Each structure stands twice: as structure tokens, then as C-alpha cells.
Amino acid sequence: MARAFLLVLDSVGIGGAPDAAEFGEGPGGDKGSNTLGHIAQACAAGRADEGRLGHLHMPNLDRLGLGAALKLASGLVAPGLGAEPQGAWGAATEVSRGKDTPSGHWELAGVPVPWDWHYFPQTQPTFPPELIETLVTRAGLPGILGDKHASGVPIIEELAAEHIESGKPICYTSADSVFQIAAHEAHFGLDRLYEVCEIAAELVHPMKVGRVIARPFVGADGQWERTSNRRDYAIAPPEPTILDRVQDAGGATHAVGKIGDIFAHRGIDELHKGRDDMALVDHTVRLVQEAPEGSFTFANYVEFDSKYGHRRDVAGYARALEAFDARVPELVSGLREGDLMIFTADHGNDPTWRGTDHTRERVPVLMAGLGARALGLHGFADVGETVAAHLGLAPGNHGKSLI
């Protein structure tokens, strides 16, 4: 029996989404955003030389078709990404009405989001008073801090000292459909933070808010640092995903990184966490060696998005891309005959773009194990259906196999 590996480079979009102008702020919305393309251009122009030099160096994914997929998606020919593809390559377009993590991952797993997410308004306070009143009462809190749109690191820097003194958690949102709660691991307590987030999830999920995110941090005297103990409380997908379908067919499913949180821990046999993306790659390399026949491994590497995209750190994003690409031979070389490995992304987060939010973009779809072929432009759900066909599963309700 075959095995399948679906590896998501979180936020590594390649531009060209036909509806990008309908998303984002400012004139034209996200039209013209291009995460990978603009990073490559910045590298070639010498604007991303902190900790690295020169053209964006990703020869391994480029040989699978990364540069070709970028050109197909957006028309951009990126400096340093011009290899003749040796893998199966294409670009995927999303139909779900979101540019967020659950929308992208669910649709890649064969289930487009059938509803519009709820987004909190750009006001202060941003949360409905009755929501906060209920949360405070049920969780036994003295109140909350924040109650606005914010980026995670700045709002912790702003309110951490008051949070420790008052015992009030820091609650905030973003352009995504999220309710985020930050608290100090020692002073507030990690388990206590998780308990509050569970209550918040019960309150906001019926509103179609996609996720409650626990954002623990540590530190003192103005030196604050978020930890790897983040936890997402996501709405469960409305239909069986490729994870459920593989599990129901008797195959083992492995979730690497935040996949468990994204899918409300449904359809998952084993969860593999790590302190950073390189630790998650270590898990994936091990699973390539050890995962049984008929199994499905679904991985997310979040730091492109969380550490560099939202912080608009072009050089850092480039370093992370190059570090991941250097690990690709370890991943591909462990494949057995009949295995399929897919490299893709869930949305964009162009570090050269205005603001600090995700960008609406197409994503690359690169496959090792099928030989060299052009897959063309296709849908996100086609990725999940390709995994299903490869593993011998019956077709699902959305998308079609690219095999």
C-alpha cells in the first residue's frame, strides 16, 4: 500500500488570486500581493541580507517546480527560481471566503468552508459587552485587558505588567476570525489559560468565530517572550476531511505541528509537536522513515507566518525558506516506492505588503512521487482528493484528483 504526506508551509503564497481585491484594506485590497515573489525580488535587490546574502536560494523545492508554479499563478518570474521542474507542479486557488488557517487547511483537506466567518469590528472595544460579561462570570475573572485589534507581541509588551498585577488576561483579535487570549504562564497559569480559552470557545464558536487561541508568554521587567505552548480551539469542520476518511478506511493518521488544533483533533491518531519548525521537520523526517503503509501524515510549519510574515520581516522569512529548503532532500530521499509527498501552503502573508495580516493568494502545489508533469491551475480541494485517490479512497464531495 502507498503512503501520503501533505506538508503545509504556512503562508507561503505565490500571488495571483483572482479575487484578491476583495480582501484586505486600502485601495485594491490584496491585489498584487505575492509572498514568495516579493521575497525573491527583495533578496535579489539586496534588501534581505540580514543573516543571509543574495538571491533567494531554494534549489530543492525549485527543482520540484516552485518557480514554475509562481510564474503560473501570478506571471512573476522570480530571480533565482528558474529550474526545469522535475516533480509534478501546479498552483491552487481557494474558494472559501477567508484567507485564514482553518479555511486554507480545511479546503486542502477536501472541505471548503460553507459559511462566512464572523470577524470582530475595528472598534475599541471590539468584543460585544455581553460576550465579555459572560466570559468573566463563567471563568471567574476580575475582568479583561485589551479588547481590541492588535498584533500579539506589541499588545503583550503594552499590557503584560498590568496583566500580572491585576490578574486580568489580555484579550484581542485580528483581521482573522479569532479570539486570542494572552497570559503569563507563571503568574496566571498555563492550565488556567487553557480553561479560560475552553470557555471562550464555547461562547464564540456558535457565532462562527473560527478559533480561540491561547497565547502564553513568560518573562519579566519588560522582557517578554511567547512560548511554544500556544493552543488553538477551532470549530470542527462541517464534513469529514481527508483525515477522517483515511482513519475510517483503517489507515493511520499523523498530525505534525498545529494540525490537531486546526481540525479540532478529529480524524487524528497521533499528534507530533515541537518547539519550532525545525523540530517539526525532524518529526516529519522520522515519520517518512517509520510511518506504516496506508498512512497519511499532515504537517504544518507555522513560523513562516507567525515569526516573519505578520512581523513583516523579509530577511527572516527568506532565511526560514532557505532553511526549510535545505531539509527537503532528507524528506524526499526517505520516500518509498509508491509514496506521494505534497508541498503546499494555506494562504499568503506577504512581508512587503501593507499592514500585518494575511494576504489572499494562490499557493504552490509541488508533488514528489509522480514524476515530472504540469498540473496547471486547480482548486485547494483537489489536493485532498489527490491524497484520497493515491490512498485508494472513494471520491469525496468536493474537488477532483490531479493524478
# chains A, B, ... in the order shown; residues from 1 in each chain; ligands from 1
call {"tool": "select_by_dssp", "arguments": {"residues": "stretch 334-383 of chain A", "states": "strand (DSSP E or B)", "output": "list of chain:residue names"}}
result
A:Leu340, A:Met341, A:Ile342, A:Phe343, A:Thr344, A:Gly348, A:Thr359, A:Val363, A:Pro364, A:Val365, A:Leu366, A:Met367, A:Ala368, A:Arg373, A:Ala374, A:Leu375, A:Gly376, A:Leu377, A:His378, A:Gly379
call {"tool": "select_by_dssp", "arguments": {"residues": "stretch 237-359 of chain A", "states": "alpha helix (DSSP H)", "output": "VMD selection string"}}
result
chain A and resid 242 to 248 259 to 262 277 to 290 303 314 to 333
call {"tool": "closest_atom_pairs", "arguments": {"of": "stretch 139-197 of chain A", "to": "stretch 102-123 of chain A", "cutoff": "7 Å", "atoms": "only C-alpha atoms", "output": "CSV"}}
result
residue,atom,partner,partner_atom,distance
A:Lys148,CA,A:Thr123,CA,6.8
A:His149,CA,A:Gln122,CA,6.6
A:Asp176,CA,A:Tyr119,CA,6.7
A:Ser177,CA,A:Tyr119,CA,4.9
call {"tool": "write_last_selection", "arguments": {"atoms": "N, CA and C atoms", "output": "mmCIF file, in the first residue's frame"}}
result
data_model
loop_
_atom_site.group_PDB
_atom_site.id
_atom_site.type_symbol
_atom_site.label_atom_id
_atom_site.label_comp_id
_atom_site.auth_asym_id
_atom_site.auth_seq_id
_atom_site.Cartn_x
_atom_site.Cartn_y
_atom_site.Cartn_z
ATOM 1 N N LYS A 148 -9.407 44.722 21.783
ATOM 2 C CA LYS A 148 -9.193 45.480 20.560
ATOM 3 C C LYS A 148 -8.460 44.626 19.538
ATOM 4 N N HIS A 149 -8.330 45.165 18.328
ATOM 5 C CA HIS A 149 -7.491 44.552 17.304
ATOM 6 C C HIS A 149 -6.033 44.862 17.638
ATOM 7 N N ASP A 176 -8.272 38.160 11.187
ATOM 8 C CA ASP A 176 -8.815 36.816 11.087
ATOM 9 C C ASP A 176 -10.010 36.663 12.021
ATOM 10 N N SER A 177 -10.722 35.568 11.841
ATOM 11 C CA SER A 177 -11.857 35.249 12.701
ATOM 12 C C SER A 177 -11.340 34.538 13.946
#
call {"tool": "closest_atom_pairs", "arguments": {"of": "stretch 158-215 of chain A", "to": "stretch 77-101 of chain A", "cutoff": "12 Å", "atoms": "only C-alpha atoms", "output": "JSON lines"}}
result
{"residue": "A:Ser174", "atom": "CA", "partner": "A:Asp100", "partner_atom": "CA", "distance": 10.8}
{"residue": "A:Ala175", "atom": "CA", "partner": "A:Asp100", "partner_atom": "CA", "distance": 9.1}
{"residue": "A:Asp176", "atom": "CA", "partner": "A:Asp100", "partner_atom": "CA", "distance": 6.2}
{"residue": "A:Ser177", "atom": "CA", "partner": "A:Asp100", "partner_atom": "CA", "distance": 7.8}
{"residue": "A:Val178", "atom": "CA", "partner": "A:Asp100", "partner_atom": "CA", "distance": 9.6}
{"residue": "A:Val209", "atom": "CA", "partner": "A:Asp100", "partner_atom": "CA", "distance": 11.7}
{"residue": "A:Gly210", "atom": "CA", "partner": "A:Asp100", "partner_atom": "CA", "distance": 9.1}
{"residue": "A:Arg211", "atom": "CA", "partner": "A:Thr101", "partner_atom": "CA", "distance": 9.6}
call {"tool": "closest_residue", "arguments": {"among": "A:Ala320, A:Leu131, A:Ala214, A:Leu72", "to": "A:Ala234", "atoms": "only C-alpha atoms"}}
result
A:Ala214
call {"tool": "closest_residue", "arguments": {"among": "A:Ala73, A:Ala264, A:Ile259, A:Val288", "to": "A:Asn300", "atoms": "only C-alpha atoms"}}
result
A:Ile259
call {"tool": "atom_distance", "arguments": {"atom1": "atom CA of A:Ala20", "atom2": "atom CA of A:Ser306"}}
result
21.2 Å
call {"tool": "closest_residue", "arguments": {"among": "A:Ala318, A:Ile170, A:Val196, A:Val136", "to": "A:Pro351", "atoms": "only C-alpha atoms"}}
result
A:Ala318
